[in-house]
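Structure below is model26.cif: mmCIF, C-alpha atoms.
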```cif
data_input
loop_
_atom_site.label_atom_id
_atom_site.label_comp_id
_atom_site.auth_asym_id
_atom_site.auth_seq_id
_atom_site.Cartn_x
_atom_site.Cartn_y
_atom_site.Cartn_z
CA MET A 1 4.76 -55.79 20.53
CA SER A 2 2.73 -54.86 17.49
CA ILE A 3 4.61 -54.51 14.34
CA PHE A 4 3.53 -50.81 14.37
CA GLY A 5 4.95 -50.30 17.83
CA GLY A 6 4.49 -47.00 19.72
CA ASN A 7 3.78 -45.00 16.57
CA LEU A 8 0.33 -46.57 16.24
CA ILE A 9 -0.58 -45.73 19.83
CA ASN A 10 0.53 -42.16 19.39
CA PHE A 11 -1.42 -41.92 16.15
CA LEU A 12 -4.68 -43.23 17.66
CA GLY A 13 -4.29 -40.96 20.64
CA GLY A 14 -3.92 -37.99 18.34
CA VAL A 15 -7.04 -38.93 16.40
CA ALA A 16 -9.08 -39.25 19.59
CA GLU A 17 -7.86 -35.93 20.89
CA GLY A 18 -8.66 -34.24 17.59
CA ALA A 19 -12.13 -35.75 17.46
CA SER A 20 -12.79 -34.66 21.03
CA LYS A 21 -11.83 -31.08 20.23
CA GLU A 22 -14.02 -31.07 17.10
CA ILE A 23 -17.00 -32.41 19.04
CA ALA A 24 -16.47 -29.76 21.73
CA ARG A 25 -16.32 -27.03 19.07
CA GLN A 26 -19.48 -28.29 17.38
CA GLN A 27 -21.27 -28.50 20.70
CA ALA A 28 -20.30 -24.93 21.54
CA ASN A 29 -21.78 -23.84 18.21
CA MET A 30 -24.95 -25.84 18.85
CA ASP A 31 -25.33 -24.39 22.34
CA ASP A 32 -24.99 -20.90 20.89
CA ILE A 33 -27.67 -21.71 18.29
CA VAL A 34 -30.01 -23.02 21.01
CA LYS A 35 -29.45 -19.93 23.16
CA THR A 36 -29.89 -17.45 20.31
CA ALA A 37 -32.95 -19.18 18.82
CA SER A 38 -34.56 -19.57 22.24
CA THR A 39 -34.07 -15.89 23.01
CA VAL A 40 -35.68 -14.86 19.71
CA ILE A 41 -38.67 -17.16 20.25
CA ILE A 42 -39.11 -16.11 23.88
CA ASN A 43 -39.08 -12.41 22.93
CA ASP A 44 -41.61 -13.10 20.18
CA ARG A 45 -43.81 -15.05 22.58
CA LEU A 46 -43.75 -12.23 25.13
CA ALA A 47 -44.52 -9.70 22.39
CA THR A 48 -47.43 -11.85 21.23
CA ARG A 49 -48.88 -11.91 24.73
CA LYS A 50 -48.50 -8.18 25.08
CA ARG A 51 -50.19 -7.70 21.71
CA LYS A 52 -53.03 -10.00 22.72
CA GLN A 53 -53.49 -8.24 26.04
CA LYS A 54 -53.58 -4.85 24.30
CA ARG A 55 -56.10 -6.12 21.75
CA MET A 56 -58.33 -7.58 24.44
CA MET A 57 -58.29 -4.25 26.28
CA GLU A 58 -59.26 -2.41 23.08
CA LEU A 59 -62.06 -4.86 22.34
CA GLY A 60 -63.19 -4.74 25.97
CA THR A 61 -63.52 -0.96 25.82
CA GLN A 62 -65.47 -1.19 22.56
CA TYR A 63 -67.65 -3.94 24.04
CA ASP A 64 -68.57 -1.72 27.01
CA PHE A 65 -69.38 1.20 24.70
CA LEU A 66 -71.66 -0.92 22.52
CA LYS A 67 -73.32 -2.48 25.55
CA ASN A 68 -74.07 0.98 26.93
CA LYS A 69 -75.60 1.90 23.57
CA GLY A 70 -78.12 -0.91 23.88
CA LEU A 71 -76.58 -3.67 21.75
CA ASP A 72 -76.69 -7.25 23.01
CA SER A 73 -73.64 -9.55 23.05
CA ARG A 74 -74.57 -11.29 19.79
CA SER A 75 -74.83 -8.00 17.93
CA ILE A 76 -71.58 -6.88 19.55
CA LYS A 77 -69.90 -10.07 18.34
CA LEU A 78 -70.78 -9.22 14.73
CA VAL A 79 -69.74 -5.58 15.11
CA LEU A 80 -66.33 -6.37 16.59
CA GLU A 81 -65.64 -9.41 14.41
CA GLN A 82 -66.42 -7.53 11.18
CA GLY A 83 -64.70 -4.28 12.14
CA LEU A 84 -67.95 -2.28 12.24
CA PHE A 85 -67.28 -0.40 15.46
CA GLU A 86 -66.65 3.00 13.81
CA ASP A 87 -69.78 2.54 11.70
CA ILE A 88 -71.88 1.99 14.82
CA VAL A 89 -70.30 5.04 16.46
CA THR A 90 -71.28 7.07 13.38
CA LEU A 91 -74.83 5.73 13.48
CA SER A 92 -75.12 6.43 17.21
CA LYS A 93 -74.47 10.11 16.52
CA LYS A 94 -77.32 10.39 14.03
CA ARG A 95 -80.09 12.71 15.07
CA ASN A 96 -83.02 10.98 16.77
CA MET A 97 -81.08 7.71 16.97
CA THR A 98 -82.48 5.54 19.77
CA PRO A 99 -81.07 2.35 21.34
CA GLU A 100 -83.80 0.38 19.57
CA LYS A 101 -82.93 1.87 16.18
CA LEU A 102 -79.22 1.34 16.77
CA LYS A 103 -79.77 -2.27 17.75
CA SER A 104 -81.84 -2.83 14.61
CA SER A 105 -78.87 -1.66 12.52
CA ILE A 106 -77.38 -5.13 13.07
CA ASN A 107 -79.21 -7.97 11.35
CA ILE A 108 -78.62 -11.32 13.09
CA VAL A 109 -79.17 -14.11 10.59
CA SER A 110 -78.46 -17.09 12.86
CA GLY A 111 -77.43 -17.81 16.44
CA ASN A 112 -80.01 -15.70 18.26
CA ASP A 113 -80.21 -18.38 20.95
CA ILE A 114 -76.44 -18.67 21.56
CA PRO A 115 -75.44 -17.15 24.91
CA ILE A 116 -72.25 -15.05 24.87
CA ASP A 117 -70.52 -13.37 27.80
CA LYS A 118 -67.85 -10.70 27.56
CA SER A 119 -64.91 -12.88 28.59
CA SER A 120 -65.77 -15.68 26.17
CA LEU A 121 -66.28 -13.20 23.35
CA LEU A 122 -62.91 -11.52 23.92
CA ASN A 123 -61.17 -14.90 23.96
CA TYR A 124 -62.97 -15.83 20.73
CA LEU A 125 -62.07 -12.59 18.98
CA THR A 126 -58.38 -12.93 19.89
CA LYS A 127 -58.09 -16.67 19.28
CA ASP A 128 -55.70 -16.15 16.36
CA ILE A 129 -53.17 -14.26 18.47
CA ILE A 130 -51.34 -17.32 19.83
CA ASP A 131 -47.84 -18.56 20.64
CA ALA A 132 -45.91 -20.30 17.89
CA ASP A 133 -46.25 -24.09 18.05
CA LEU A 134 -42.84 -25.64 18.79
CA THR A 135 -44.02 -29.26 18.89
CA ASN A 136 -42.35 -30.27 15.64
CA LEU A 137 -39.63 -27.65 15.59
CA SER A 138 -36.71 -28.81 13.46
CA VAL A 139 -33.42 -26.93 13.17
CA THR A 140 -30.67 -27.85 10.70
CA SER A 141 -27.53 -25.79 11.07
CA GLY A 142 -24.04 -27.24 10.79
CA VAL A 143 -23.13 -30.76 11.91
CA ASP A 144 -24.81 -31.90 15.14
CA THR A 145 -22.49 -34.82 15.89
CA MET A 146 -23.72 -35.41 19.44
CA GLY A 147 -27.31 -35.28 18.32
CA ALA A 148 -26.58 -37.73 15.54
CA LEU A 149 -24.85 -40.08 18.00
CA GLY A 150 -27.80 -39.88 20.38
CA ILE A 151 -25.72 -38.30 23.12
CA LYS A 152 -27.94 -35.17 23.15
CA ARG A 153 -31.45 -34.40 21.89
CA PRO A 154 -31.90 -32.71 18.48
CA LEU A 155 -31.59 -28.92 18.40
CA GLY A 156 -35.32 -28.34 17.87
CA GLN A 157 -36.20 -30.22 21.05
CA GLN A 158 -33.51 -28.41 23.03
CA ILE A 159 -34.86 -25.03 21.89
CA ALA A 160 -38.49 -26.00 22.63
CA THR A 161 -37.53 -27.17 26.14
CA ARG A 162 -35.59 -24.00 26.91
CA VAL A 163 -38.46 -21.79 25.68
CA GLY A 164 -41.00 -23.86 27.62
CA VAL A 165 -39.13 -23.38 30.89
CA ILE A 166 -38.74 -19.60 30.57
CA ALA A 167 -42.02 -18.71 28.78
CA PRO A 168 -44.40 -21.68 28.79
CA SER A 169 -47.18 -21.67 26.20
CA LYS A 170 -50.61 -20.54 27.38
CA ALA A 171 -53.67 -22.07 25.79
CA THR A 172 -56.86 -19.99 25.33
CA ASP A 173 -60.22 -21.59 26.01
CA VAL A 174 -62.43 -20.70 23.02
CA ASP A 175 -66.14 -21.48 22.85
CA PRO A 176 -66.76 -22.80 19.29
CA LYS A 177 -70.51 -22.13 19.52
CA ILE A 178 -69.86 -18.39 19.23
CA SER A 179 -69.02 -18.84 15.55
CA GLY A 180 -72.67 -19.79 15.00
CA VAL A 181 -73.76 -16.16 15.39
CA THR A 182 -73.86 -14.73 11.87
CA GLY A 183 -75.20 -11.57 10.25
CA GLY A 184 -74.09 -8.01 9.59
CA LEU A 185 -75.26 -4.47 8.94
CA SER A 186 -78.90 -4.05 7.99
CA GLU A 187 -79.83 -2.47 4.67
CA ARG A 188 -81.10 0.56 6.56
CA ALA A 189 -77.75 0.99 8.32
CA LYS A 190 -75.88 0.63 5.03
CA MET A 191 -78.03 3.35 3.50
CA LEU A 192 -77.34 5.71 6.39
CA LEU A 193 -73.61 5.00 6.12
CA ASP A 194 -73.54 5.29 2.34
CA LYS A 195 -70.85 7.80 1.44
CA SER A 196 -71.82 8.06 -2.21
CA SER A 197 -73.01 11.38 -3.53
CA LYS A 198 -76.34 12.42 -2.02
CA MET A 199 -78.34 15.47 -2.85
CA SER A 200 -77.95 17.92 0.01
CA THR A 201 -81.01 19.17 1.87
CA ALA A 202 -80.40 22.68 0.49
CA ALA A 203 -80.25 21.34 -3.08
CA PHE A 204 -83.43 19.37 -2.50
CA ARG A 205 -85.18 22.50 -1.22
CA ARG A 206 -84.30 24.35 -4.45
CA LEU A 207 -85.45 21.40 -6.54
CA ALA A 208 -88.71 21.13 -4.58
CA THR A 209 -89.34 24.85 -5.08
CA GLN A 210 -88.74 24.48 -8.81
CA VAL A 211 -91.07 21.49 -9.11
CA LEU A 212 -93.84 23.16 -7.10
CA VAL A 213 -93.65 26.43 -9.02
CA GLU A 214 -93.63 24.57 -12.36
CA ARG A 215 -96.56 22.50 -11.17
CA ALA A 216 -98.46 25.69 -10.40
CA GLY A 217 -97.89 26.97 -13.92
CA GLY A 218 -94.89 29.24 -13.41
CA LYS A 219 -91.19 29.22 -14.17
CA VAL A 220 -88.32 29.50 -11.70
CA ASN A 221 -84.57 29.89 -11.89
CA PHE A 222 -81.94 29.98 -9.16
CA VAL A 223 -79.13 32.38 -10.03
CA PRO A 224 -75.89 32.19 -7.97
CA ASN A 225 -75.18 35.46 -6.19
CA ASP A 226 -72.04 37.11 -4.80
CA SER A 227 -72.76 35.96 -1.24
CA GLY A 228 -72.43 32.29 -2.20
CA GLY A 229 -76.16 31.65 -2.24
CA TYR A 230 -78.87 31.81 -4.87
CA THR A 231 -81.30 34.50 -6.00
CA LEU A 232 -84.76 33.22 -6.90
CA ARG A 233 -86.20 34.50 -10.17
CA THR A 234 -89.71 33.56 -11.28
CA GLN A 235 -92.09 34.32 -14.08
CA GLY A 236 -95.68 33.50 -14.89
CA ILE A 237 -96.68 32.99 -11.24
CA GLN A 238 -98.09 35.20 -8.49
CA GLN A 239 -95.70 36.15 -5.70
CA GLY A 240 -98.10 34.74 -3.12
CA ASP A 241 -97.88 31.36 -4.81
CA VAL A 242 -94.09 31.57 -4.85
CA VAL A 243 -94.16 32.04 -1.07
CA LYS A 244 -96.52 29.06 -0.70
CA ALA A 245 -94.23 26.95 -2.87
CA GLN A 246 -91.20 27.92 -0.77
CA GLN A 247 -93.04 27.10 2.45
CA ARG A 248 -94.10 23.72 1.14
CA ALA A 249 -90.57 23.09 -0.18
CA SER A 250 -89.21 23.80 3.28
CA ASP A 251 -91.59 21.24 4.81
CA LEU A 252 -90.63 18.65 2.21
CA SER A 253 -86.94 19.38 2.83
CA GLN A 254 -87.33 18.50 6.49
CA GLN A 255 -88.91 15.20 5.47
CA TYR A 256 -86.11 14.59 2.95
CA ASN A 257 -83.43 15.25 5.57
CA LYS A 258 -85.09 12.84 7.98
CA ILE A 259 -85.51 10.09 5.37
CA VAL A 260 -82.02 10.31 3.83
CA PHE A 261 -79.77 11.51 6.64
CA GLU A 262 -81.53 10.46 9.84
CA GLU A 263 -83.67 7.38 9.21
CA GLY A 264 -82.42 5.81 5.99
CA GLY A 265 -85.96 5.30 4.77
CA VAL A 266 -89.63 5.62 5.69
CA SER A 267 -92.10 3.72 7.84
CA SER A 268 -95.65 2.94 6.79
CA LEU A 269 -98.36 0.39 7.38
CA ASN A 270 -96.43 -1.87 5.02
CA GLY A 271 -93.33 -1.74 7.22
CA PHE A 272 -90.03 0.07 6.89
CA ARG A 273 -88.66 0.76 3.43
CA VAL A 274 -85.01 1.65 2.89
CA MET A 275 -84.62 4.70 0.63
CA SER A 276 -81.71 6.20 -1.23
CA SER A 277 -81.47 9.90 -2.05
CA PRO A 278 -83.00 9.51 -5.56
CA GLU A 279 -85.80 7.34 -4.18
CA ALA A 280 -86.57 9.95 -1.52
CA VAL A 281 -86.80 12.63 -4.22
CA ASP A 282 -89.33 10.56 -6.14
CA TYR A 283 -91.25 9.64 -3.01
CA LEU A 284 -91.63 13.27 -1.91
CA LEU A 285 -91.94 15.10 -5.23
CA PHE A 286 -93.32 12.52 -7.66
CA PRO A 287 -95.27 9.93 -5.64
CA THR A 288 -96.70 7.11 -7.73
CA ASN A 289 -100.44 6.66 -8.18
CA SER A 290 -101.39 9.91 -6.49
CA VAL A 291 -102.34 13.48 -7.25
CA VAL A 292 -100.32 15.74 -4.97
CA LYS A 293 -102.06 18.77 -3.58
CA GLU A 294 -99.24 21.06 -2.49
CA PHE A 295 -101.27 24.27 -2.56
CA THR A 296 -104.02 25.81 -4.67
CA PRO A 297 -102.34 28.28 -7.05
CA SER A 298 -103.91 31.50 -8.22
CA LEU A 299 -106.02 31.23 -11.37
CA ASN A 300 -104.01 34.01 -13.03
CA ASN A 301 -100.81 31.99 -13.19
CA LYS A 302 -99.53 31.20 -16.67
CA ASN A 303 -100.59 27.78 -18.02
CA THR A 304 -103.03 27.31 -15.13
CA GLN A 305 -106.70 26.69 -15.90
CA THR A 306 -109.44 26.27 -13.35
CA LEU A 307 -108.67 23.51 -10.86
CA LYS A 308 -112.20 23.12 -9.54
CA GLY A 309 -113.08 19.45 -9.44
CA LEU A 310 -109.49 18.46 -10.24
CA GLU A 311 -107.83 19.10 -6.90
CA LYS A 312 -107.78 16.07 -4.65
CA LYS A 313 -106.38 15.44 -1.26
CA ARG A 314 -102.89 14.05 -1.19
CA ILE A 315 -102.94 10.28 -1.25
CA ALA A 316 -100.01 8.82 0.67
CA PRO A 317 -98.15 6.51 -1.71
CA ASN A 318 -98.01 2.83 -0.96
CA VAL A 319 -94.26 2.40 -0.57
CA SER A 320 -94.53 -1.27 -1.46
CA ASP A 321 -95.90 -0.47 -4.91
CA LYS A 322 -93.61 -0.73 -7.90
CA PRO A 323 -94.25 1.77 -10.71
CA THR A 324 -95.90 0.48 -13.84
CA PHE A 325 -94.55 1.94 -17.07
CA SER A 326 -96.60 3.52 -19.80
CA THR A 327 -95.80 3.13 -23.49
CA LEU A 328 -95.39 6.88 -24.03
CA SER A 329 -92.32 7.83 -26.06
CA LEU A 330 -90.27 10.95 -25.45
CA GLY A 331 -90.51 11.74 -29.13
CA ASN A 332 -88.99 15.14 -29.95
CA VAL A 333 -89.07 16.67 -26.51
CA GLY A 334 -86.66 19.56 -26.21
CA ASN A 335 -83.17 18.50 -25.15
CA THR A 336 -83.95 14.83 -25.84
CA GLN A 337 -80.46 14.46 -27.24
CA THR A 338 -79.03 16.05 -24.11
CA PHE A 339 -80.86 13.44 -22.03
CA SER A 340 -79.35 10.67 -24.13
CA GLN A 341 -75.92 12.25 -24.00
CA GLU A 342 -76.10 12.65 -20.24
CA MET A 343 -77.06 9.00 -19.77
CA LYS A 344 -74.25 7.92 -22.09
CA SER A 345 -71.71 10.10 -20.30
CA LEU A 346 -72.68 8.79 -16.88
CA LYS A 347 -72.52 5.18 -18.03
CA GLU A 348 -69.06 5.75 -19.52
CA GLN A 349 -67.95 7.07 -16.12
CA GLY A 350 -69.34 3.98 -14.41
CA ILE A 351 -72.03 5.96 -12.57
CA GLY A 352 -75.16 3.89 -12.01
CA ILE A 353 -77.48 6.46 -10.39
CA PHE A 354 -78.89 9.29 -12.48
CA PRO A 355 -78.66 12.71 -10.71
CA PRO A 356 -82.01 13.47 -9.05
CA ALA A 357 -81.96 17.14 -10.08
CA SER A 358 -81.38 16.26 -13.74
CA LYS A 359 -84.07 13.59 -13.60
CA ALA A 360 -86.54 16.11 -12.18
CA ASN A 361 -85.80 18.52 -15.03
CA TYR A 362 -86.53 15.84 -17.63
CA ILE A 363 -89.74 14.90 -15.81
CA ILE A 364 -90.83 18.53 -15.96
CA LYS A 365 -90.01 18.77 -19.69
CA LEU A 366 -91.89 15.58 -20.49
CA ALA A 367 -94.87 16.64 -18.34
CA MET A 368 -95.12 19.85 -20.36
CA LYS A 369 -95.20 17.87 -23.59
CA ILE A 370 -97.80 15.42 -22.27
CA GLN A 371 -99.96 18.32 -21.10
CA GLN A 372 -99.82 19.88 -24.55
CA ASP A 373 -100.33 16.63 -26.48
CA LYS A 374 -103.28 15.52 -24.36
CA ASN A 375 -104.67 19.01 -23.72
CA LEU A 376 -104.67 18.47 -19.96
CA PRO A 377 -105.84 21.34 -17.70
CA THR A 378 -102.52 21.67 -15.89
CA MET A 379 -99.03 20.25 -16.09
CA LYS A 380 -99.64 18.67 -12.70
CA ASP A 381 -102.08 16.27 -14.34
CA ALA A 382 -99.30 15.04 -16.61
CA TYR A 383 -96.77 14.40 -13.84
CA PRO A 384 -97.65 10.78 -12.94
CA GLU A 385 -97.26 9.67 -16.56
CA ALA A 386 -94.04 11.66 -16.99
CA VAL A 387 -92.55 10.22 -13.81
CA THR A 388 -93.19 6.61 -14.78
CA GLU A 389 -91.87 7.12 -18.32
CA ILE A 390 -88.61 8.76 -17.19
CA ARG A 391 -88.16 6.00 -14.63
CA LYS A 392 -88.71 3.42 -17.35
CA ILE A 393 -86.14 5.00 -19.68
CA LEU A 394 -83.52 5.23 -16.93
CA THR A 395 -84.13 1.64 -15.81
CA GLU A 396 -83.89 0.35 -19.37
CA ASN A 397 -80.55 2.14 -19.68
CA GLY A 398 -79.14 0.42 -16.59
CA PHE A 399 -79.59 3.13 -13.96
CA THR A 400 -80.68 2.09 -10.47
CA GLY A 401 -82.59 3.86 -7.71
CA ASN A 402 -85.21 5.23 -10.10
#
```

Take the structure from the file and write it as structure tokens.
Amino acid sequence: MSIFGGNLINFLGGVAEGASKEIARQQANMDDIVKTASTVIINDRLATRKRKQKRMMELGTQYDFLKNKGLDSRSIKLVLEQGLFEDIVTLSKKRNMTPEKLKSSINIVSGNDIPIDKSSLLNYLTKDIIDADLTNLSVTSGVDTMGALGIKRPLGQQIATRVGVIAPSKATDVDPKISGVTGGLSERAKMLLDKSSKMSTAAFRRLATQVLVERAGGKVNFVPNDSGGYTLRTQGIQQGDVVKAQQRASDLSQQYNKIVFEEGGVSSLNGFRVMSSPEAVDYLLFPTNSVVKEFTPSLNNKNTQTLKGLEKKRIAPNVSDKPTFSTLSLGNVGNTQTFSQEMKSLKEQGIGIFPPASKANYIIKLAMKIQQDKNLPTMKDAYPEAVTEIRKILTENGFTGN
């Protein structure tokens, strides 16, 4: 018999029994971890699939809408990928919007030859909504004695296996060529969607009336009335000419509304030119390199001399032309300081576009001075020079859209 006798055997048996109980307790804890973690991952995986299915249904509905509006699959890819759906909906509601115009609102830079079908596109657009990758899942929590001894697999593998049996991962087949379609909104579409301050059609009509009356040698003022509108007050001009000016202003207002709010620019033999609100004001009221014949005013109007031999037919401006600036200085034109102060104030506010109505007023003031300095027959003859000079001053001071 060993010198330790039965006490040693009892001792070893007690150690084995204690170790067995500890291993069983640890294993119970590990099993609970596997079960809990697996349940969390399975629920997340099912939620991910539900989210992906919902997103694909949303995109599918938007795809069908865009397809019915005349867009091809490549244009639709750019719209849905870049979150432009609401913008296209807004454009589609514009007056006189056609499928061709709507399609041209998307500029495809590359990938015009890449075929895309609806199913492939939806898979591509939802490719990032995927199940969590459990390949290298590692879990460290407590002492995994059986895992360490090689009796059972590590916790991460146990969890991955359990999840795989209940909710196996689903791979999505994504066509990588679809990423080759690039582009975005056209400049014309951006202009139509521009939410920055634009002169309203009503405000443009008042401005056009003012410019036309001033051009005919009269003065005009719009006084707010109690009904919320404006009362027109004029001086130095025949009432018949006021009516003509208002009629012509109404015609120009329709063109302004179409350019700014419906088309985003104008078409000509030189192609389509995108136009902002200030550019449309200049294009319609102060066209470059042309003498505008709005109407022939009465000879009795103040500041109006005979126009015989001076009136010319309206020459449509070449929209591709860029204005050339004269070297005329404003000098001591009335309110010159106000002009400078207004520019300074706008720049301090971070505003980069000079208000069209204010610009028109300064053009009128400068045209009056040029007419007087050069003894021109009418103020209309001074307009082209005044327009280019005001544009030059604004451009030199950092204002755009002049």

Would you give the centre and edge lengths, in Å to one decimal, of a box along x, y and z around the listed atoms of segment 336-347 of chain A, with 4 Å added to each side, as lines of an AutoDock Vina configuration file?
```
center_x = -77.8
center_y = 10.6
center_z = -22.1
size_x = 20.2
size_y = 18.9
size_z = 18.4
```

Excluding same-chain residues fewer than 5 positions from segment 89-104 of chain A, what lies within 6 Å of it counting only C-alpha atoms, as number ranges by chain?
-> A: 69-71, 262

May I ask for the distance between atom CA of Ser358 of chain A and atom CA of Phe339 of chain A, given in Å to one decimal place?
-> 8.8 Å

Evaluate the PyMOL selection byres ((chain A and resi 85) around 12) on the structure here and hand back the selected residues as a short mmCIF file (atom, residue, chain, number, x, y, z; two decimals) with C-alpha atoms, keeping the file's coordinate frame.
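In the end it all went to result30.cif:
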```cif
data_model
loop_
_atom_site.label_atom_id
_atom_site.label_comp_id
_atom_site.auth_asym_id
_atom_site.auth_seq_id
_atom_site.Cartn_x
_atom_site.Cartn_y
_atom_site.Cartn_z
CA GLU A 58 -59.26 -2.41 23.08
CA LEU A 59 -62.06 -4.86 22.34
CA THR A 61 -63.52 -0.96 25.82
CA GLN A 62 -65.47 -1.19 22.56
CA TYR A 63 -67.65 -3.94 24.04
CA ASP A 64 -68.57 -1.72 27.01
CA PHE A 65 -69.38 1.20 24.70
CA LEU A 66 -71.66 -0.92 22.52
CA LYS A 67 -73.32 -2.48 25.55
CA LYS A 69 -75.60 1.90 23.57
CA LEU A 71 -76.58 -3.67 21.75
CA SER A 75 -74.83 -8.00 17.93
CA ILE A 76 -71.58 -6.88 19.55
CA LYS A 77 -69.90 -10.07 18.34
CA LEU A 78 -70.78 -9.22 14.73
CA VAL A 79 -69.74 -5.58 15.11
CA LEU A 80 -66.33 -6.37 16.59
CA GLU A 81 -65.64 -9.41 14.41
CA GLN A 82 -66.42 -7.53 11.18
CA GLY A 83 -64.70 -4.28 12.14
CA LEU A 84 -67.95 -2.28 12.24
CA GLU A 86 -66.65 3.00 13.81
CA ASP A 87 -69.78 2.54 11.70
CA ILE A 88 -71.88 1.99 14.82
CA VAL A 89 -70.30 5.04 16.46
CA THR A 90 -71.28 7.07 13.38
CA LEU A 91 -74.83 5.73 13.48
CA SER A 92 -75.12 6.43 17.21
CA ILE A 106 -77.38 -5.13 13.07
CA GLY A 184 -74.09 -8.01 9.59
CA LEU A 185 -75.26 -4.47 8.94
#
```

Write out as a PyMOL selection string which residues come within 7 Å of segment 251-259 of chain A when counting only C-alpha atoms, dropping same-chain ones fewer than 3 positions away.
-> chain A and resi 201+204-205+247-248+262-266+280+284

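As for atom CA of Phe354 of chain A and atom CA of Arg273 of chain A, they are spaced 20.5 Å apart.
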
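Atom CA of Asp117 of chain A is positioned 15.4 Å from atom CA of Thr172 of chain A.
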
What lies within 8 Å of Asn123 of chain A using only C-alpha atoms, ignoring chain neighbours under 3 positions off, as a VMD selection string?
-> chain A and resid 56 119 to 120 126 to 127 172 to 174

Extract, using only C-alpha atoms, all DNA, RNA and protein residues at most 8 Å from Pro356 of chain A, discarding same-chain residues fewer than 2 positions from it, and format them as a list in words.
-> Met199, Ser277, Pro278, Val281, Phe354, Ser358, Lys359 and Ala360 of chain A

Which residues fall under the PyMOL selection byres ((chain A and resi 351) around 12) in this file, as a PDB file with C-alpha atoms, in the frame of the given file?
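Resulting contents of part36.pdb:
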```
ATOM      1  CA  SER A 196     -71.820   8.060  -2.210  1.00  0.00           C
ATOM      2  CA  SER A 197     -73.010  11.380  -3.530  1.00  0.00           C
ATOM      3  CA  GLU A 342     -76.100  12.650 -20.240  1.00  0.00           C
ATOM      4  CA  MET A 343     -77.060   9.000 -19.770  1.00  0.00           C
ATOM      5  CA  LYS A 344     -74.250   7.920 -22.090  1.00  0.00           C
ATOM      6  CA  SER A 345     -71.710  10.100 -20.300  1.00  0.00           C
ATOM      7  CA  LEU A 346     -72.680   8.790 -16.880  1.00  0.00           C
ATOM      8  CA  LYS A 347     -72.520   5.180 -18.030  1.00  0.00           C
ATOM      9  CA  GLU A 348     -69.060   5.750 -19.520  1.00  0.00           C
ATOM     10  CA  GLN A 349     -67.950   7.070 -16.120  1.00  0.00           C
ATOM     11  CA  GLY A 350     -69.340   3.980 -14.410  1.00  0.00           C
ATOM     12  CA  GLY A 352     -75.160   3.890 -12.010  1.00  0.00           C
ATOM     13  CA  ILE A 353     -77.480   6.460 -10.390  1.00  0.00           C
ATOM     14  CA  PHE A 354     -78.890   9.290 -12.480  1.00  0.00           C
ATOM     15  CA  PRO A 355     -78.660  12.710 -10.710  1.00  0.00           C
ATOM     16  CA  ASN A 397     -80.550   2.140 -19.680  1.00  0.00           C
ATOM     17  CA  GLY A 398     -79.140   0.420 -16.590  1.00  0.00           C
ATOM     18  CA  PHE A 399     -79.590   3.130 -13.960  1.00  0.00           C
ATOM     19  CA  THR A 400     -80.680   2.090 -10.470  1.00  0.00           C
ATOM     20  CA  GLY A 401     -82.590   3.860  -7.710  1.00  0.00           C
TER      21      GLY A 401
END
```

Show me as an mmCIF file with C-alpha atoms, keeping the file's coordinate frame the residues that reach within 7 Å of (-86.0, 33.1, -9.5), counting all atoms listed in the file and using the file's own coordinates.
```
data_model
loop_
_atom_site.group_PDB
_atom_site.id
_atom_site.type_symbol
_atom_site.label_atom_id
_atom_site.label_comp_id
_atom_site.auth_asym_id
_atom_site.auth_seq_id
_atom_site.Cartn_x
_atom_site.Cartn_y
_atom_site.Cartn_z
ATOM 1 C CA VAL A 220 -88.320 29.500 -11.700
ATOM 2 C CA ASN A 221 -84.570 29.890 -11.890
ATOM 3 C CA PHE A 222 -81.940 29.980 -9.160
ATOM 4 C CA VAL A 223 -79.130 32.380 -10.030
ATOM 5 C CA THR A 231 -81.300 34.500 -6.000
ATOM 6 C CA LEU A 232 -84.760 33.220 -6.900
ATOM 7 C CA ARG A 233 -86.200 34.500 -10.170
ATOM 8 C CA THR A 234 -89.710 33.560 -11.280
#
```

When the PyMOL selection byres ((chain A and resi 48-54) around 8) is applied to the file above, which residues end up in the set, as an MDAnalysis selection string?
-> chainID A and resid 44:47 55:58 126 129:131

Rebuild segment 241-247 of chain A to N, CA and C atoms - output it as an mmCIF file, in the coordinates of the input, please.
```cif
data_model
loop_
_atom_site.group_PDB
_atom_site.id
_atom_site.type_symbol
_atom_site.label_atom_id
_atom_site.label_comp_id
_atom_site.auth_asym_id
_atom_site.auth_seq_id
_atom_site.Cartn_x
_atom_site.Cartn_y
_atom_site.Cartn_z
ATOM 1 N N ASP A 241 -98.044 32.779 -4.538
ATOM 2 C CA ASP A 241 -97.880 31.360 -4.810
ATOM 3 C C ASP A 241 -96.414 30.940 -4.701
ATOM 4 N N VAL A 242 -95.509 31.853 -5.022
ATOM 5 C CA VAL A 242 -94.090 31.570 -4.850
ATOM 6 C C VAL A 242 -93.785 31.334 -3.369
ATOM 7 N N VAL A 243 -94.365 32.180 -2.526
ATOM 8 C CA VAL A 243 -94.160 32.040 -1.070
ATOM 9 C C VAL A 243 -94.725 30.702 -0.594
ATOM 10 N N LYS A 244 -95.918 30.351 -1.079
ATOM 11 C CA LYS A 244 -96.520 29.060 -0.700
ATOM 12 C C LYS A 244 -95.631 27.897 -1.138
ATOM 13 N N ALA A 245 -95.098 28.005 -2.356
ATOM 14 C CA ALA A 245 -94.230 26.950 -2.870
ATOM 15 C C ALA A 245 -92.983 26.809 -2.010
ATOM 16 N N GLN A 246 -92.399 27.945 -1.610
ATOM 17 C CA GLN A 246 -91.200 27.920 -0.770
ATOM 18 C C GLN A 246 -91.489 27.322 0.602
ATOM 19 N N GLN A 247 -92.658 27.661 1.151
ATOM 20 C CA GLN A 247 -93.040 27.100 2.450
ATOM 21 C C GLN A 247 -93.208 25.594 2.365
#
```
